[in-house]
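Written below as structure tokens is the structure these notes are about.
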Amino acid sequence: MADADAVLTVHNVSKRYADVFAVESISMAAPRNSVVGIVGENGAGKSTLFNIMSGLVRPDTGRIELNGREIRPANYREATLLGISRVFQEQALIPNIPVYENIVLSYEDRFVRWGQLLDIGRMVEVAERVVSAFGLDIDVRRRTSDYPFSIRQAIEIARACLVSQELLGIQYPIVLLDEPTSALGRGEEEAFFRLIAKIKQHGTVLFVSHRLSEVLAVSDIIYVLKDGHLIATVDPADATEHVLHGLMVGRERDADYYHEAEQLDVSEAPPVFSVAGLCKTGEYQDVALQVRRGEVLGIGGLLDSGKSALGKGASGVVAPDAGTVAVSGARPISPNLGHLVRRGLGYVPAERHTEGMIVDFSVAWNISLASGADLFSSRFGIWRRNREAEVAKHYVELLHIKASDIATVCSTLSGGNQQKVVLAKWLCRTPKVLILDNPTRGVDAGAKEELYRLIRELTGSGLGVLLITDDLLELIGLSNRVVIMQHGRVTAVVDAPPGAKPTERDLVALMVGANVTTEVSASPNRRTLH
Amino acid sequence: MTSKKSTTSTQLWPATLLRARIGMWLPLVVVCALVIFFHMGSPAFLTLRNLSAVSGQASTLLLASTGATFVILMGSIDLSVGAITLLVGAVTVMLLRALGLGVSALLVGIMLGASFGMVNGLIFAFGAIPSFVVTLGSLSMYTGLAWQLLQGRALSLNSPAFENLAIGQSVPYFPNIALFALGAWLFMTFVCFKTRFGRYMYIIGGGESVARNAGIPVRRYKIFAFILSGAMAGLAGALAVARLGAAGPTLGTDLLLNTLAAIVVGGTSLSGGVGGVQRTLIGVLIITLLDNGLNLMDVNQYVQNVIKGAVVIAAVLISQDRRKLTVMK
């Protein structure tokens, strides 16, 4: 495994959180002056792997070697001193200071003279050497925020790559790039590729991205992760996007888990929620869809597809620029959550702890949270505590929420029970339609199944559900129809009747933009299985 | 068996809850301790005469603090309470002198205060500026306006009926202003616990984005809270000038520190969502007893300030869960 060329090698590294392996016995090698692509679905273990390499997480077992010597960085700082730097998804440059200060950030102690004074001249000199070695034509004395995003990203990558060479004398720096292109516009990618080629001259790049075409284009070797395991090592020369996807997904879906047999035929049912012409600049464009009575309409798409933003827009949490929504037969209105709630809509946001519920409040207070204007207060604004307690008790029993009583503080509940409380908040209003954004995120498998059963029961009694989810199996298993979004537009609608569900591969192909779904899966001889 | 029980009971009270318990009872313990301490320190302290005076002093603070508690409860801050008290006091006196309004000046005071509060609320809610900044600015504006009106002098009023609202004693030894204050406090406690408005204050303070994601009209209720805070400060201002028989440039200056101190010492958290109006009464008692007792014990004014400040900091140190304290909204 470990070849002589390898700068960074990982041997049998495992990391477990509670009962779940985030990564399990992963071994890989990153050769000198090369680009190593790492791909996998959300939760495949890519970030954990990067966290281990950059000292943010300690592996339970296994070891990492740098130039043949074992390293154990205790934190990010130690990792950078060893020559491993990371460029995070969100930019880590401080916008309101000059570029050169950002470049030597955290290395200021190397520029001190006469006790405490900083040698600004030398800082600028080093910074200039770093940017010019990268072919960047910028004035390092200017404020960082004066430069556009792509330049700032280049500065950050240059810093990660060269400062360790410049100041620490590291010969072959390692740069970990975590989704570096997700915030780049299409036109800026070219510059990014040139950047990658630059780093390659100086050191080694490990590159995580959801954009498989980019990974294929720049990588010398690609590791595919799935559920914490390294399942394939792929040579990009003879692989395609579809081959990679086939390796990444391809999990077995259990029809019982999603209660697919209970899925209703809603082809004749009337719509309970209609969206027309919904637009928001930079998020989603001209979206129209209809959720029928008793239907689960799934929305799938990559991270930049705009599906979550669409959920916020359709519910009126964040007002869209244009477009209308209508609940049941009511008059179409410009989305406003307060109005839509009164008409029978509920919205469950993806961030449960910060947007879905107040974890410091009791179960009862959280259940009554959205109904203060009608159910739980009288005409004169007097709060109805007794009714609040009754309703809360009813839903704690009905949904089997594991809480000792309705005064239990929600922070003490498990993720699944918390999500049930969030659902009860809407269910007590007997809604006609619910918009669910990743409703089972951070919920364990058993509780997930319970939530799926609940969704089936609710749709069975006529509720319409708009399900936005990153979990492909959930999307396929629960949905009657699947809407695919790409760059803010609806690009496909796929029927998903029980017994004839689309496969993950079909959907992924649509999400990444290929118009055909006929691609064959990876042939065994292309894999190097571990 | 017994040992098993005790372990479960300790598990039921993890550190944070225990802290919450301490936060709940500590203020009451402090009031008792202060009463005992000052009783031993000064024979004049526990006399009907003095307690009557204390209740008069406490009333202005209690009136102003009950309204401001709602603003703190929703995670914002109102620094302009004292300035509104001063400005409303000044305007009320001028109106009384010019128009001879009599008792109805009280209503005018409330309305004026409410509109000054509404200005705060509108700028805060629509301008999306931190309440700290908005009310710091209006604190200066309202104070300046009041001084301009008063021209740096104290204006006395001559309306026995109006003055009687504050200094008359319908209950012996208990000035009417204290009845107003207690009544207002009771009513606001009811509002805090038994109304939609009160509940929304907790919800906005506990999680503003959660409130938004539930369709609660957050902006409107933010404005309501500032209107209420202003109205109570206006009532405090009108009754304060009735009690003093004049409006002077120093009216309400001590309220800036004292309202915040009373609310926080009482146990309402600056991070929002925790506490309640009922607690503010205890906070007001602590602050007022400190002022009065230290005076009686002949502690000089400067040292008094040092002690009061230390008490406020100590109260917050002991009772609040500081991990949750984020930047003030």
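Here, A, B, ... name the chains of the structure tokens in the order displayed, residue numbers run from 1 inside each chain, and ligands are numbered from 1 in the same displayed order.
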
Would you pick out the contacts of Pro502 (chain A) at 10 Å or less, using only C-alpha atoms, so that residues sharing its chain but fewer than 6 positions from it are not included, and give the list as a compact mmCIF listing (two decimals) with all heavy atoms, in the first residue's frame?
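Saved file out-v5.txt follows:
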```txt
# COMPACT_ATOMS: atom_id res chain seq x y z
N ILE A 476 -36.39 8.37 -2.17
CA ILE A 476 -36.99 7.37 -3.05
C ILE A 476 -38.08 6.60 -2.31
O ILE A 476 -39.18 6.40 -2.82
CB ILE A 476 -35.92 6.39 -3.56
CG1 ILE A 476 -34.90 7.14 -4.41
CG2 ILE A 476 -36.54 5.25 -4.33
CD1 ILE A 476 -33.62 6.38 -4.64
N GLY A 477 -37.75 6.18 -1.09
CA GLY A 477 -38.67 5.32 -0.35
C GLY A 477 -39.98 5.99 -0.01
O GLY A 477 -41.04 5.38 -0.08
N ARG A 481 -43.79 11.07 -5.92
CA ARG A 481 -43.09 11.59 -7.08
C ARG A 481 -41.85 12.29 -6.58
O ARG A 481 -41.85 12.82 -5.47
CB ARG A 481 -43.96 12.60 -7.84
CG ARG A 481 -45.11 12.00 -8.63
CD ARG A 481 -45.88 13.10 -9.35
NE ARG A 481 -46.47 14.04 -8.38
CZ ARG A 481 -46.74 15.31 -8.64
NH1 ARG A 481 -46.44 15.84 -9.82
NH2 ARG A 481 -47.29 16.08 -7.73
N VAL A 482 -40.81 12.31 -7.39
CA VAL A 482 -39.59 12.99 -7.00
C VAL A 482 -39.31 14.12 -7.98
O VAL A 482 -39.27 13.90 -9.19
CB VAL A 482 -38.38 12.04 -6.98
CG1 VAL A 482 -37.11 12.79 -6.62
CG2 VAL A 482 -38.61 10.91 -5.99
N VAL A 494 -39.87 12.64 -11.49
CA VAL A 494 -39.80 11.19 -11.67
C VAL A 494 -40.91 10.55 -10.85
O VAL A 494 -41.06 10.84 -9.66
CB VAL A 494 -38.44 10.65 -11.19
CG1 VAL A 494 -38.36 9.15 -11.43
CG2 VAL A 494 -37.31 11.39 -11.87
N ASP A 495 -41.71 9.69 -11.47
CA ASP A 495 -42.72 8.96 -10.73
C ASP A 495 -42.05 7.89 -9.89
O ASP A 495 -41.09 7.26 -10.32
CB ASP A 495 -43.71 8.30 -11.70
CG ASP A 495 -44.86 9.25 -12.00
OD1 ASP A 495 -45.33 9.90 -11.04
OD2 ASP A 495 -45.27 9.35 -13.17
N ALA A 496 -42.58 7.69 -8.67
CA ALA A 496 -41.97 6.68 -7.80
C ALA A 496 -43.05 5.82 -7.14
O ALA A 496 -43.21 5.83 -5.93
CB ALA A 496 -41.10 7.35 -6.74
```

Exercise. Can you list, as a ChimeraX atom specification, all residues belonging to region 171-387 of chain A that DSSP tags as strand (DSSP E)?
Key: /A:174-178,204-208,221-226,229-234,271-280,284-292,296-300,322-327,345-348

Quiz item: Can you list, as a ChimeraX atom specification, every residue of region 263-320 of chain A that DSSP puts in alpha helix (DSSP H)?
Solution: /A:307-315

Near chain A, meaning an atom within 9 Å, which residues of chain B appear when counting only C-alpha atoms? Write them as a CSV table (one decimal) with N, CA and C atoms, in the first residue's frame.
```
chain,number,residue,atom,x,y,z
B,191,VAL,N,-49.9,39.6,32.8
B,191,VAL,CA,-49.6,39.7,31.4
B,191,VAL,C,-48.5,38.7,31.0
B,193,PHE,N,-47.5,35.9,32.4
B,193,PHE,CA,-47.7,34.5,32.5
B,193,PHE,C,-49.0,34.0,31.8
B,194,LYS,N,-50.0,34.9,31.7
B,194,LYS,CA,-51.3,34.4,31.3
B,194,LYS,C,-51.7,34.9,29.9
B,195,THR,N,-50.8,35.6,29.2
B,195,THR,CA,-51.3,36.1,27.9
B,195,THR,C,-50.4,35.7,26.8
B,196,ARG,N,-50.9,35.8,25.6
B,196,ARG,CA,-50.1,35.5,24.4
B,196,ARG,C,-48.9,36.4,24.3
B,197,PHE,N,-49.1,37.7,24.6
B,197,PHE,CA,-48.0,38.6,24.5
B,197,PHE,C,-46.9,38.2,25.4
B,198,GLY,N,-47.2,37.8,26.6
B,198,GLY,CA,-46.2,37.3,27.6
B,198,GLY,C,-45.4,36.1,27.0
B,199,ARG,N,-46.2,35.1,26.5
B,199,ARG,CA,-45.6,33.9,26.0
B,199,ARG,C,-44.7,34.2,24.8
B,200,TYR,N,-45.1,35.1,23.9
B,200,TYR,CA,-44.3,35.5,22.8
B,200,TYR,C,-43.0,36.1,23.2
B,203,ILE,N,-40.8,33.3,23.9
B,203,ILE,CA,-40.4,32.6,22.7
B,203,ILE,C,-39.4,33.4,21.9
B,206,GLY,N,-36.2,33.2,23.7
B,206,GLY,CA,-35.6,31.9,23.7
B,206,GLY,C,-35.1,31.5,22.4
B,207,GLY,N,-35.7,31.9,21.3
B,207,GLY,CA,-35.2,31.6,20.0
B,207,GLY,C,-36.0,32.4,18.9
B,208,GLU,N,-35.4,33.5,18.5
B,208,GLU,CA,-36.1,34.3,17.6
B,208,GLU,C,-36.3,33.7,16.2
B,209,SER,N,-35.3,32.9,15.8
B,209,SER,CA,-35.6,32.2,14.5
B,209,SER,C,-36.6,31.1,14.6
B,210,VAL,N,-36.7,30.5,15.7
B,210,VAL,CA,-37.7,29.5,15.9
B,210,VAL,C,-39.1,30.2,15.9
B,211,ALA,N,-39.2,31.3,16.5
B,211,ALA,CA,-40.4,32.1,16.4
B,211,ALA,C,-40.8,32.4,15.0
B,212,ARG,N,-39.8,32.8,14.2
B,212,ARG,CA,-40.0,33.1,12.8
B,212,ARG,C,-40.5,31.9,12.0
B,213,ASN,N,-39.8,30.8,12.3
B,213,ASN,CA,-40.2,29.6,11.6
B,213,ASN,C,-41.5,29.0,12.0
B,214,ALA,N,-42.1,29.6,13.0
B,214,ALA,CA,-43.4,29.1,13.5
B,214,ALA,C,-44.5,30.1,13.0
B,215,GLY,N,-44.1,31.1,12.3
B,215,GLY,CA,-45.1,32.1,11.8
B,215,GLY,C,-45.5,33.2,12.8
B,216,ILE,N,-44.8,33.3,13.9
B,216,ILE,CA,-45.1,34.4,14.8
B,216,ILE,C,-44.6,35.7,14.3
B,217,PRO,N,-45.5,36.7,14.3
B,217,PRO,CA,-45.1,38.1,13.8
B,217,PRO,C,-44.1,38.7,14.8
B,273,GLY,N,-35.5,35.0,27.3
B,273,GLY,CA,-36.2,33.7,27.4
B,273,GLY,C,-36.3,33.1,28.8
```

Quiz prompt | Contacts of Gly488 (chain A) at 6 Å (only C-alpha atoms; same-chain gap of 4+ positions) as JSON, numbers by chain | solution = {"A": [283, 284, 285, 305, 306]}

Written selection (all heavy atoms) as a PDB file, in the first residue's frame:
```pdb
ATOM      1  N   GLU A 283     -31.054  31.853  -5.856  1.00  0.00           N
ATOM      2  CA  GLU A 283     -31.466  30.666  -5.097  1.00  0.00           C
ATOM      3  C   GLU A 283     -32.261  29.682  -5.953  1.00  0.00           C
ATOM      4  O   GLU A 283     -31.881  28.546  -6.132  1.00  0.00           O
ATOM      5  CB  GLU A 283     -32.320  31.070  -3.892  1.00  0.00           C
ATOM      6  CG  GLU A 283     -31.637  32.057  -2.959  1.00  0.00           C
ATOM      7  CD  GLU A 283     -30.775  31.366  -1.924  1.00  0.00           C
ATOM      8  OE1 GLU A 283     -30.490  30.177  -2.098  1.00  0.00           O
ATOM      9  OE2 GLU A 283     -30.384  32.035  -0.948  1.00  0.00           O
ATOM     10  N   TYR A 284     -33.401  30.157  -6.471  1.00  0.00           N
ATOM     11  CA  TYR A 284     -34.226  29.280  -7.301  1.00  0.00           C
ATOM     12  C   TYR A 284     -34.984  30.141  -8.307  1.00  0.00           C
ATOM     13  O   TYR A 284     -35.217  31.331  -8.072  1.00  0.00           O
ATOM     14  CB  TYR A 284     -35.217  28.463  -6.453  1.00  0.00           C
ATOM     15  CG  TYR A 284     -35.938  29.269  -5.403  1.00  0.00           C
ATOM     16  CD1 TYR A 284     -37.074  30.000  -5.720  1.00  0.00           C
ATOM     17  CD2 TYR A 284     -35.463  29.328  -4.099  1.00  0.00           C
ATOM     18  CE1 TYR A 284     -37.718  30.764  -4.772  1.00  0.00           C
ATOM     19  CE2 TYR A 284     -36.102  30.087  -3.143  1.00  0.00           C
ATOM     20  CZ  TYR A 284     -37.234  30.797  -3.476  1.00  0.00           C
ATOM     21  OH  TYR A 284     -37.865  31.560  -2.541  1.00  0.00           O
ATOM     22  N   GLN A 285     -35.319  29.529  -9.443  1.00  0.00           N
ATOM     23  CA  GLN A 285     -35.935  30.288 -10.528  1.00  0.00           C
ATOM     24  C   GLN A 285     -37.185  29.590 -11.023  1.00  0.00           C
ATOM     25  O   GLN A 285     -37.161  28.403 -11.325  1.00  0.00           O
ATOM     26  CB  GLN A 285     -34.955  30.428 -11.706  1.00  0.00           C
ATOM     27  CG  GLN A 285     -33.772  31.337 -11.428  1.00  0.00           C
ATOM     28  CD  GLN A 285     -34.182  32.694 -10.919  1.00  0.00           C
ATOM     29  OE1 GLN A 285     -35.098  33.313 -11.448  1.00  0.00           O
ATOM     30  NE2 GLN A 285     -33.531  33.160  -9.867  1.00  0.00           N
ATOM     31  N   SER A 305     -28.407  23.003  -5.304  1.00  0.00           N
ATOM     32  CA  SER A 305     -29.586  22.950  -6.167  1.00  0.00           C
ATOM     33  C   SER A 305     -30.645  23.963  -5.757  1.00  0.00           C
ATOM     34  O   SER A 305     -31.558  24.263  -6.515  1.00  0.00           O
ATOM     35  CB  SER A 305     -30.190  21.551  -6.123  1.00  0.00           C
ATOM     36  OG  SER A 305     -30.659  21.282  -4.819  1.00  0.00           O
ATOM     37  N   GLY A 306     -30.551  24.479  -4.549  1.00  0.00           N
ATOM     38  CA  GLY A 306     -31.538  25.455  -4.097  1.00  0.00           C
ATOM     39  C   GLY A 306     -32.775  24.838  -3.494  1.00  0.00           C
ATOM     40  O   GLY A 306     -33.766  25.529  -3.279  1.00  0.00           O
TER      41      GLY A 306
END
```

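Summary of the local environment: counting only C-alpha atoms, residues at most 7 Å from Gly67 (chain B), other than itself and those fewer than 5 positions away along its chain, are Leu228, Ser229 and Met232 of chain B.
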
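Residues lying within 10 Å of Phe180 (chain B), counting only C-alpha atoms and ignoring same-chain neighbours fewer than 6 positions away, are Ser59, Thr60, Leu62, Leu63, Leu165, Ala166, Leu186, Leu235, Ala236 and Leu239 of chain B.
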
Output file for the residues above (all heavy atoms, as a short mmCIF file (atom, residue, chain, number, x, y, z; two decimals), in the first residue's frame):
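The file below, result-v1.cif, is the result:
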```cif
data_model
loop_
_atom_site.label_atom_id
_atom_site.label_comp_id
_atom_site.auth_asym_id
_atom_site.auth_seq_id
_atom_site.Cartn_x
_atom_site.Cartn_y
_atom_site.Cartn_z
N SER B 59 -41.16 52.60 44.40
CA SER B 59 -42.27 52.56 43.45
C SER B 59 -41.87 53.00 42.05
O SER B 59 -42.20 52.34 41.06
CB SER B 59 -43.41 53.44 43.95
OG SER B 59 -43.87 52.94 45.18
N THR B 60 -41.17 54.13 41.94
CA THR B 60 -40.75 54.59 40.62
C THR B 60 -39.92 53.53 39.92
O THR B 60 -40.14 53.20 38.76
CB THR B 60 -39.91 55.88 40.74
OG1 THR B 60 -40.58 56.77 41.62
CG2 THR B 60 -39.73 56.53 39.40
N LEU B 62 -39.91 50.31 40.54
CA LEU B 62 -40.69 49.12 40.21
C LEU B 62 -41.52 49.36 38.94
O LEU B 62 -41.58 48.51 38.05
CB LEU B 62 -41.62 48.76 41.38
CG LEU B 62 -42.48 47.51 41.19
CD1 LEU B 62 -41.60 46.29 40.91
CD2 LEU B 62 -43.35 47.25 42.41
N LEU B 63 -42.13 50.55 38.86
CA LEU B 63 -42.94 50.87 37.67
C LEU B 63 -42.09 50.79 36.40
O LEU B 63 -42.47 50.16 35.42
CB LEU B 63 -43.54 52.27 37.81
CG LEU B 63 -44.73 52.39 38.75
CD1 LEU B 63 -45.01 53.85 39.07
CD2 LEU B 63 -45.96 51.74 38.15
N LEU B 165 -52.20 61.69 43.94
CA LEU B 165 -52.10 60.38 43.28
C LEU B 165 -50.89 59.60 43.78
O LEU B 165 -50.90 58.39 43.84
CB LEU B 165 -51.96 60.56 41.77
CG LEU B 165 -53.21 60.84 40.95
CD1 LEU B 165 -52.83 61.07 39.50
CD2 LEU B 165 -54.19 59.70 41.08
N ALA B 166 -49.85 60.36 44.16
CA ALA B 166 -48.62 59.69 44.57
C ALA B 166 -48.43 59.71 46.08
O ALA B 166 -48.06 58.70 46.68
CB ALA B 166 -47.42 60.35 43.89
N LEU B 186 -48.58 43.55 39.65
CA LEU B 186 -49.47 42.38 39.63
C LEU B 186 -50.04 42.18 38.23
O LEU B 186 -50.05 41.07 37.69
CB LEU B 186 -50.64 42.60 40.60
CG LEU B 186 -50.45 42.04 42.00
CD1 LEU B 186 -51.64 42.41 42.88
CD2 LEU B 186 -50.26 40.53 41.95
N LEU B 235 -45.59 56.22 32.91
CA LEU B 235 -46.36 56.18 34.16
C LEU B 235 -45.45 56.48 35.34
O LEU B 235 -45.80 57.27 36.23
CB LEU B 235 -47.02 54.80 34.31
CG LEU B 235 -47.84 54.54 35.57
CD1 LEU B 235 -49.02 55.50 35.64
CD2 LEU B 235 -48.34 53.09 35.60
N ALA B 236 -44.26 55.87 35.32
CA ALA B 236 -43.29 56.11 36.39
C ALA B 236 -42.92 57.60 36.44
O ALA B 236 -42.85 58.19 37.52
CB ALA B 236 -42.04 55.27 36.17
N LEU B 239 -45.92 59.75 37.83
CA LEU B 239 -46.10 59.56 39.27
C LEU B 239 -44.90 60.08 40.07
O LEU B 239 -45.06 60.56 41.19
CB LEU B 239 -46.36 58.08 39.58
CG LEU B 239 -47.77 57.59 39.22
CD1 LEU B 239 -47.88 56.08 39.41
CD2 LEU B 239 -48.84 58.30 40.06
#
```

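Among the candidate residues B:Leu79, B:Leu28, B:Leu281, B:Ile36, the one lying nearest to Gly183 (chain B) is B:Leu281, with distances computed using only C-alpha atoms.
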
Practice problem: Write out as JSON, numbers by chain which residues come within 9 Å of region 108-123 of chain B when counting only C-alpha atoms, dropping same-chain ones fewer than 2 positions away. | Solution: {"B": [78, 80, 81, 84, 85, 87, 88, 89, 91, 92, 104, 105, 106, 125, 126, 127, 128, 129, 131, 134, 135, 138, 142, 219, 220, 222, 223, 224, 225, 226, 227, 228, 229, 230, 231, 232, 233, 234, 235, 236, 237, 238, 239]}
